[in-house]
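Structure file coords-v6.txt with compact mmCIF, C-alpha atoms:
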```txt
# COMPACT_ATOMS: atom_id res chain seq x y z
CA MET A 1 -95.91 56.19 191.72
CA LYS A 2 -92.18 56.20 191.54
CA GLU A 3 -90.61 53.08 192.94
CA SER A 4 -87.86 53.68 195.43
CA PHE A 5 -84.67 51.72 195.27
CA ASP A 6 -81.08 51.74 196.45
CA PHE A 7 -78.36 52.00 193.87
CA ILE A 8 -74.86 50.63 194.21
CA GLU A 9 -72.17 51.15 191.63
CA VAL A 10 -68.90 49.27 191.31
CA LYS A 11 -66.21 50.05 188.76
CA VAL A 12 -63.47 47.56 188.02
CA PRO A 13 -60.66 47.42 185.47
CA ALA A 14 -61.66 45.27 182.49
CA LYS A 15 -59.37 42.45 183.61
CA ALA A 16 -60.23 38.84 184.34
CA GLU A 17 -58.85 38.99 187.88
CA TYR A 18 -61.65 41.33 188.94
CA VAL A 19 -64.54 39.06 187.93
CA GLY A 20 -64.28 37.33 191.30
CA VAL A 21 -64.37 40.65 193.14
CA VAL A 22 -67.71 41.57 191.56
CA ARG A 23 -68.96 38.08 192.37
CA LEU A 24 -68.29 38.76 196.03
CA SER A 25 -70.16 42.06 195.78
CA ILE A 26 -73.26 40.49 194.29
CA SER A 27 -73.14 37.70 196.80
CA GLY A 28 -73.25 40.25 199.63
CA ILE A 29 -76.01 42.34 198.07
CA ALA A 30 -78.22 39.38 197.15
CA ASN A 31 -77.74 37.81 200.55
CA ARG A 32 -78.80 41.03 202.26
CA MET A 33 -81.92 41.16 200.08
CA GLY A 34 -82.94 37.69 201.14
CA PHE A 35 -82.22 35.67 198.02
CA HIS A 36 -81.80 31.95 198.60
CA TYR A 37 -78.45 30.24 198.32
CA GLU A 38 -79.26 28.72 194.92
CA GLU A 39 -80.44 32.04 193.49
CA ILE A 40 -77.28 33.71 194.73
CA GLU A 41 -75.25 31.08 192.90
CA ASP A 42 -77.24 31.79 189.72
CA LEU A 43 -76.63 35.53 190.13
CA LYS A 44 -72.91 34.92 190.58
CA VAL A 45 -72.72 32.98 187.32
CA ALA A 46 -74.85 35.48 185.38
CA ILE A 47 -72.86 38.52 186.47
CA SER A 48 -69.55 36.75 185.84
CA GLU A 49 -70.68 35.92 182.31
CA ALA A 50 -71.58 39.53 181.63
CA ILE A 51 -68.26 40.81 182.97
CA THR A 52 -66.28 38.11 181.16
CA ASN A 53 -67.91 39.34 177.96
CA GLY A 54 -66.87 42.86 178.80
CA VAL A 55 -63.32 41.80 179.58
CA LYS A 56 -63.06 40.03 176.22
CA HIS A 57 -64.32 43.05 174.31
CA ALA A 58 -62.09 45.44 176.17
CA TYR A 59 -59.07 43.29 175.44
CA LYS A 60 -59.69 43.42 171.71
CA GLY A 61 -58.58 47.02 171.60
CA ILE A 62 -56.76 48.85 174.33
CA ASP A 63 -56.36 46.90 177.52
CA GLU A 64 -57.08 49.74 179.89
CA GLY A 65 -60.84 49.80 179.80
CA GLU A 66 -63.07 49.54 182.78
CA ILE A 67 -66.38 47.90 183.44
CA THR A 68 -69.17 49.58 185.36
CA VAL A 69 -71.57 47.42 187.31
CA GLY A 70 -74.73 48.96 188.75
CA PHE A 71 -77.02 47.21 191.22
CA GLY A 72 -80.59 48.46 191.58
CA VAL A 73 -81.94 47.06 194.82
CA TYR A 74 -85.75 47.08 194.73
CA GLU A 75 -88.18 45.65 197.23
CA ASN A 76 -89.08 42.73 194.96
CA ARG A 77 -86.11 42.41 192.63
CA LEU A 78 -82.47 43.04 191.89
CA GLU A 79 -81.56 44.79 188.67
CA ILE A 80 -77.99 44.50 187.50
CA MET A 81 -76.41 46.60 184.81
CA VAL A 82 -73.05 45.69 183.36
CA ALA A 83 -71.55 48.22 180.98
CA ASP A 84 -68.33 48.15 179.04
CA HIS A 85 -67.63 51.05 176.77
CA GLY A 86 -64.82 49.33 175.00
CA GLY A 87 -66.55 47.86 172.01
CA SER A 88 -69.73 46.41 170.66
CA PHE A 89 -70.79 43.25 168.93
CA ASP A 90 -73.37 42.15 166.41
CA LEU A 91 -76.30 41.35 168.66
CA SER A 92 -78.41 39.57 166.07
CA LYS A 93 -75.49 37.33 165.21
CA VAL A 94 -74.92 36.56 168.87
CA LYS A 95 -78.58 35.69 169.33
CA GLU A 96 -78.43 33.23 166.45
CA ASP A 97 -75.59 31.44 168.13
CA ILE A 98 -76.96 30.98 171.60
CA GLY A 99 -78.68 27.86 172.80
CA PRO A 100 -77.91 24.61 174.55
CA PHE A 101 -76.05 21.78 172.90
CA ARG A 102 -78.41 19.33 171.23
CA GLU A 103 -77.67 15.74 170.44
CA GLU A 104 -77.88 16.32 166.70
CA ASP A 105 -75.24 19.06 166.89
CA SER A 106 -71.67 18.23 166.01
CA ILE A 107 -69.07 18.53 168.74
CA ASP A 108 -66.84 20.31 166.23
CA GLU A 109 -69.31 23.15 166.06
CA LEU A 110 -69.20 23.77 169.79
CA LYS A 111 -67.51 27.02 170.53
CA GLU A 112 -65.46 27.51 173.63
CA GLY A 113 -67.02 30.83 174.49
CA GLY A 114 -70.46 30.00 173.25
CA PHE A 115 -72.46 29.59 176.43
CA GLY A 116 -72.02 32.89 178.24
CA LEU A 117 -75.11 34.74 177.04
CA PHE A 118 -77.12 31.56 177.01
CA LEU A 119 -76.42 31.06 180.70
CA ILE A 120 -77.33 34.66 181.55
CA ASP A 121 -80.62 34.15 179.75
CA ALA A 122 -81.25 30.81 181.45
CA LEU A 123 -80.41 31.95 184.97
CA MET A 124 -82.02 35.40 185.12
CA ASP A 125 -85.71 36.31 184.93
CA LYS A 126 -85.26 39.12 182.41
CA VAL A 127 -82.33 40.15 180.20
CA GLU A 128 -81.93 43.12 177.90
CA ILE A 129 -78.86 44.01 175.90
CA ASN A 130 -78.21 47.50 174.63
CA ASN A 131 -75.57 47.64 171.97
CA ARG A 132 -75.52 51.26 170.89
CA SER A 133 -72.39 52.54 172.55
CA GLY A 134 -70.34 49.73 173.96
CA VAL A 135 -72.35 46.91 175.45
CA ILE A 136 -74.81 47.25 178.31
CA VAL A 137 -76.36 44.13 179.76
CA LEU A 138 -79.37 44.75 181.99
CA MET A 139 -80.63 41.75 183.89
CA THR A 140 -83.27 41.25 186.54
CA LYS A 141 -83.87 38.62 189.17
CA TYR A 142 -87.05 38.68 191.24
CA LEU A 143 -87.22 37.79 194.89
CA HIS A 144 -89.46 34.77 195.16
CA GLU A 145 -90.75 35.24 198.64
CA ASN A 146 -94.42 34.78 197.74
CA GLU A 147 -94.47 31.14 198.77
CA VAL A 148 -94.82 32.35 202.33
CA ALA A 149 -96.50 35.73 201.82
CA ILE A 150 -99.30 34.38 199.63
CA ASN A 151 -100.90 32.73 202.62
CA GLY A 152 -102.66 35.67 204.23
CA ASP A 153 -102.61 34.29 207.75
CA GLN A 154 -98.87 34.09 207.87
CA ILE A 155 -96.61 36.95 208.58
CA SER A 156 -93.91 37.51 206.03
CA THR A 157 -90.56 37.54 207.71
CA THR A 158 -89.14 39.95 205.19
CA GLN A 159 -91.17 42.96 206.25
CA MET B 1 -60.65 33.04 194.59
CA ASP B 2 -58.11 30.87 192.96
CA LEU B 3 -57.75 27.49 191.40
CA THR B 4 -55.37 24.76 192.46
CA ILE B 5 -54.63 22.03 189.94
CA GLU B 6 -52.99 18.81 191.10
CA VAL B 7 -51.97 16.30 188.46
CA ALA B 8 -51.02 12.78 189.51
CA HIS B 9 -48.70 11.34 186.86
CA ASP B 10 -48.00 7.67 186.86
CA GLU B 11 -45.92 6.72 183.85
CA HIS B 12 -46.92 3.06 184.08
CA GLU B 13 -50.61 3.75 184.06
CA GLN B 14 -52.76 5.17 181.32
CA VAL B 15 -54.73 7.24 183.81
CA ARG B 16 -54.00 10.91 184.51
CA LYS B 17 -55.84 12.02 187.58
CA VAL B 18 -56.43 15.73 187.98
CA VAL B 19 -57.78 17.19 191.21
CA LEU B 20 -59.24 20.68 190.92
CA ILE B 21 -59.75 22.85 193.99
CA GLY B 22 -61.30 26.31 193.99
CA GLU B 23 -63.03 28.43 191.36
CA ILE B 24 -63.03 28.30 187.56
CA ASP B 25 -63.68 31.67 185.94
CA ALA B 26 -62.21 33.99 183.32
CA TYR B 27 -59.13 34.47 185.48
CA THR B 28 -58.33 30.84 186.28
CA ALA B 29 -59.61 29.17 183.07
CA PRO B 30 -56.47 29.86 180.96
CA LYS B 31 -54.26 28.06 183.51
CA LEU B 32 -56.70 25.15 183.56
CA LYS B 33 -56.68 24.92 179.78
CA GLU B 34 -52.87 24.93 179.66
CA THR B 35 -52.82 21.98 182.03
CA ILE B 36 -55.77 19.86 180.91
CA VAL B 37 -55.58 20.02 177.12
CA PRO B 38 -51.97 18.74 176.82
CA LEU B 39 -52.87 15.77 179.04
CA THR B 40 -55.49 14.70 176.49
CA GLU B 41 -53.00 14.79 173.63
CA GLU B 42 -51.56 11.38 174.40
CA ASN B 43 -53.18 8.44 172.63
CA GLY B 44 -54.97 5.97 174.88
CA VAL B 45 -54.72 8.06 178.00
CA GLU B 46 -57.70 8.38 180.31
CA VAL B 47 -57.91 11.80 181.94
CA VAL B 48 -60.01 11.76 185.11
CA ILE B 49 -60.91 15.12 186.58
CA ASP B 50 -61.96 15.19 190.19
CA MET B 51 -64.39 18.11 190.40
CA HIS B 52 -65.72 17.73 193.93
CA ALA B 53 -63.74 20.68 195.33
CA ILE B 54 -64.80 23.14 192.63
CA SER B 55 -67.01 25.60 194.47
CA TYR B 56 -67.71 27.85 191.49
CA MET B 57 -67.63 27.47 187.73
CA ASP B 58 -69.07 29.41 184.77
CA SER B 59 -68.99 29.16 180.98
CA THR B 60 -65.24 29.76 180.88
CA GLY B 61 -64.85 26.36 182.57
CA LEU B 62 -67.28 24.75 180.14
CA GLY B 63 -65.19 26.24 177.33
CA VAL B 64 -61.99 24.64 178.63
CA PHE B 65 -63.71 21.27 178.94
CA ILE B 66 -65.13 21.57 175.42
CA SER B 67 -61.58 22.13 174.13
CA ALA B 68 -60.35 19.15 176.11
CA LEU B 69 -63.18 16.98 174.79
CA LYS B 70 -62.38 17.95 171.20
CA SER B 71 -58.75 17.09 171.87
CA THR B 72 -59.68 13.61 173.14
CA LYS B 73 -61.50 12.95 169.86
CA GLU B 74 -58.44 14.03 167.88
CA HIS B 75 -55.92 12.07 169.91
CA GLY B 76 -57.80 8.94 170.92
CA SER B 77 -57.82 9.68 174.63
CA SER B 78 -60.76 9.95 177.01
CA LEU B 79 -62.09 12.36 179.58
CA THR B 80 -64.15 11.66 182.70
CA PHE B 81 -65.46 14.07 185.31
CA MET B 82 -65.92 12.86 188.86
CA ASN B 83 -68.42 14.22 191.37
CA PRO B 84 -69.01 17.85 190.50
CA GLN B 85 -71.10 19.65 193.11
CA GLU B 86 -74.76 19.91 192.17
CA ARG B 87 -74.49 23.61 191.28
CA VAL B 88 -71.63 22.89 188.91
CA TYR B 89 -73.35 19.84 187.44
CA ARG B 90 -76.40 21.99 186.75
CA LEU B 91 -74.40 24.10 184.28
CA PHE B 92 -73.41 21.00 182.31
CA LYS B 93 -77.05 19.98 182.39
CA ILE B 94 -78.69 23.21 181.20
CA THR B 95 -76.15 23.67 178.43
CA GLY B 96 -76.81 20.14 177.19
CA LEU B 97 -73.20 19.08 177.71
CA THR B 98 -74.21 16.13 179.91
CA GLU B 99 -75.19 14.48 176.61
CA ILE B 100 -71.62 14.38 175.34
CA MET B 101 -69.46 14.47 178.46
CA ASN B 102 -68.84 11.55 180.76
CA ILE B 103 -69.77 12.86 184.19
CA GLN B 104 -69.91 10.50 187.15
CA THR B 105 -71.88 11.67 190.13
CA ASP B 106 -73.46 10.15 193.19
CA TYR B 107 -76.72 11.99 192.68
CA THR B 108 -77.48 11.62 188.95
CA VAL B 109 -78.66 8.08 189.61
CA ARG B 110 -81.61 9.65 191.40
CA GLY B 111 -82.44 11.53 188.21
CA GLY B 112 -82.57 14.94 189.87
CA MET B 113 -80.37 17.95 189.49
```

Same coordinates, now as structure tokens:
Amino acid sequence: MKESFDFIEVKVPAKAEYVGVVRLSISGIANRMGFHYEEIEDLKVAISEAITNGVKHAYKGIDEGEITVGFGVYENRLEIMVADHGGSFDLSKVKEDIGPFREEDSIDELKEGGFGLFLIDALMDKVEINNRSGVIVLMTKYLHENEVAINGDQISTTQ
Amino acid sequence: MDLTIEVAHDEHEQVRKVVLIGEIDAYTAPKLKETIVPLTEENGVEVVIDMHAISYMDSTGLGVFISALKSTKEHGSSLTFMNPQERVYRLFKITGLTEIMNIQTDYTVRGGM
């Protein structure tokens, strides 16, 4: 059976000043879906990281790129797609670099921009990156409403 | 969606107090870096950053603070963060930066996040 969902698309110039605008969009969408305050905060960080990545890539070449953000609103989850067609990066190299700081690491090795993808991975339930033409980050966050619904006698307030 | 940076300079004291108000993201981080890093370039100075009014921060903010921390090591200054909100503190925690940054909070004494 095909799952039904609503789709929302937002296009912004690949400029840092629009990261906050997309953050407001996701805040509104996630709030309407019933995500908790803390989850909304996580979503705001994750989407900002993805767009910040896109802004950086776009700036490497021409500075007139744009970033497309798609929101797939499902009954049990929010899927977010962030696409910049400006450039691409070496995904395997990026994966090698991500991770939290550990005590045995040297402070000198810490990179200023090193935590973006790590945070997306830590804050979202599922993350996929497609690197074939430009960069597309697809990330999913599930609605955790089962705490209430799992008890059969109670009526879920979301339905 | 902006960031206000207030720096209290007292030439007779070794403390530079910085109050941050607003959001730290890709747009506001460059301004923050331009302000914070030079403060740490003076030997013996203690830079204290009041974080309580930061309502949003992401890895761009962590990046600025990593630069500032590196600068303190080079110049013999120090860096302290005061009272970040729990959401902001959580980012320092999950990235492991609480291990190397001096962050003073009211709630870490309880051991929770």

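Restricting the calculation to all atoms listed in the file, the smallest distance between chain A and any of B:Val15, B:Val37, B:Val48, B:Ala26 is found for B:Ala26.
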
Under the rule of at most 8 Å, produce a per-residue listing of chain A near chain B: chain, number, name, the closest pair of atoms, and the distance in Å, as a Markdown table, using all atoms listed in the file.
```
| residue | atom | partner | partner_atom | distance |
| --- | --- | --- | --- | --- |
| A:Ala16 | CA | B:Tyr27 | CA | 4.6 |
| A:Glu17 | CA | B:Tyr27 | CA | 5.1 |
| A:Val19 | CA | B:Ala26 | CA | 7.2 |
| A:Gly20 | CA | B:Met1 | CA | 6.5 |
| A:Glu38 | CA | B:Arg87 | CA | 7.9 |
| A:Glu41 | CA | B:Arg87 | CA | 7.7 |
| A:Val45 | CA | B:Asp58 | CA | 5.7 |
| A:Ser48 | CA | B:Asp58 | CA | 7.4 |
| A:Glu49 | CA | B:Ser59 | CA | 7.1 |
| A:Thr52 | CA | B:Ala26 | CA | 6.2 |
| A:Gly99 | CA | B:Thr95 | CA | 7.5 |
| A:Pro100 | CA | B:Thr95 | CA | 4.4 |
| A:Phe101 | CA | B:Gly96 | CA | 4.7 |
| A:Arg102 | CA | B:Gly96 | CA | 6.2 |
| A:Glu103 | CA | B:Glu99 | CA | 6.8 |
| A:Ile107 | CA | B:Lys70 | CA | 7.2 |
| A:Asp108 | CA | B:Lys70 | CA | 7.1 |
| A:Leu110 | CA | B:Ile66 | CA | 7.3 |
| A:Lys111 | CA | B:Gly63 | CA | 7.2 |
| A:Glu112 | CA | B:Gly63 | CA | 3.9 |
| A:Gly113 | CA | B:Gly63 | CA | 5.7 |
| A:Gly114 | CA | B:Gly63 | CA | 7.7 |
| A:Phe115 | CA | B:Ser59 | CA | 5.7 |
| A:Gly116 | CA | B:Ser59 | CA | 5.5 |
| A:Leu119 | CA | B:Ser59 | CA | 7.7 |
```

Requested in this report: Choose the residue, out of B:Met101, B:Ser55, B:Asp50, B:Val45, that has the smallest atom-to-atom separation from Ile5 of chain B; count all atoms listed in the file.
Outcome: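 Closest to Ile5 of chain B of all the choices is B:Asp50.
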
**Report entry** Spatial neighbours of Pro84 of chain B, max dist 10 Å, only C-alpha atoms, sep filter under 4 positions, as an MDAnalysis selection string
**Finding:** chainID B and resid 49:55 88:90 92 103:107

Include C-alpha atoms and write out the residues we just selected as a tab-separated table (two decimals), in the coordinates of the input.
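Wrote result_25.tsv, looks like this:
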```
chain	number	residue	atom	x	y	z
B	49	ILE	CA	-60.91	15.12	186.58
B	50	ASP	CA	-61.96	15.19	190.19
B	51	MET	CA	-64.39	18.11	190.40
B	52	HIS	CA	-65.72	17.73	193.93
B	53	ALA	CA	-63.74	20.68	195.33
B	54	ILE	CA	-64.80	23.14	192.63
B	55	SER	CA	-67.01	25.60	194.47
B	88	VAL	CA	-71.63	22.89	188.91
B	89	TYR	CA	-73.35	19.84	187.44
B	90	ARG	CA	-76.40	21.99	186.75
B	92	PHE	CA	-73.41	21.00	182.31
B	103	ILE	CA	-69.77	12.86	184.19
B	104	GLN	CA	-69.91	10.50	187.15
B	105	THR	CA	-71.88	11.67	190.13
B	106	ASP	CA	-73.46	10.15	193.19
B	107	TYR	CA	-76.72	11.99	192.68
```

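Straight-line separation from atom CA of Gly72 of chain A to atom CA of Ile8 of chain A: 6.7 Å.
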
Requested in this report: One decimal, Å: what's the distance from atom CA of Glu128 of chain A over to atom CA of Thr68 of chain A, could you say?
Outcome: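 Atom-to-atom, atom CA of Glu128 of chain A to atom CA of Thr68 of chain A, that is 16.1 Å.
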
Report task. Would you kindly return, as a list in words, each protein, DNA or RNA residue with an atom no farther than 10 Å from any atom of Gln14 of chain B, considering all atoms listed in the file and excluding same-chain residues fewer than 5 positions away? Result ->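 Everything that qualifies: His9, Glu42, Asn43, Gly44, Val45, Glu46, Val47 and Ser77 of chain B.
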
Query raised in the report: Any idea what the distance is between atom CA of Glu41 of chain B and atom CA of Met82 of chain B?
Result: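 Spanning atom CA of Glu41 of chain B to atom CA of Met82 of chain B is a straight-line distance of 20.1 Å.
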
**Report entry** Selected residue, from B:Gly22, B:Glu74, B:Ala8, B:Gln85, that lies nearest to Thr40 of chain B when counting all atoms listed in the file
**Finding:** B:Glu74

Query raised in the report: Which residue gives the smallest distance to Glu9 of chain A among A:Ala30, A:Met81, A:Ile40, A:Ala50, with only C-alpha atoms counted?
Result: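 Among A:Ala30, A:Met81, A:Ile40, A:Ala50, it is A:Met81 that comes nearest to Glu9 of chain A.
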
Report task. Name the residues in contact with Ile51 of chain A at a cut-off of 9 Å, using all atoms listed in the file, excluding same-chain residues fewer than 6 positions from it; report them as number ranges by chain. Result -> A: 14, 16, 18-19, 22, 67, 69, 82-84
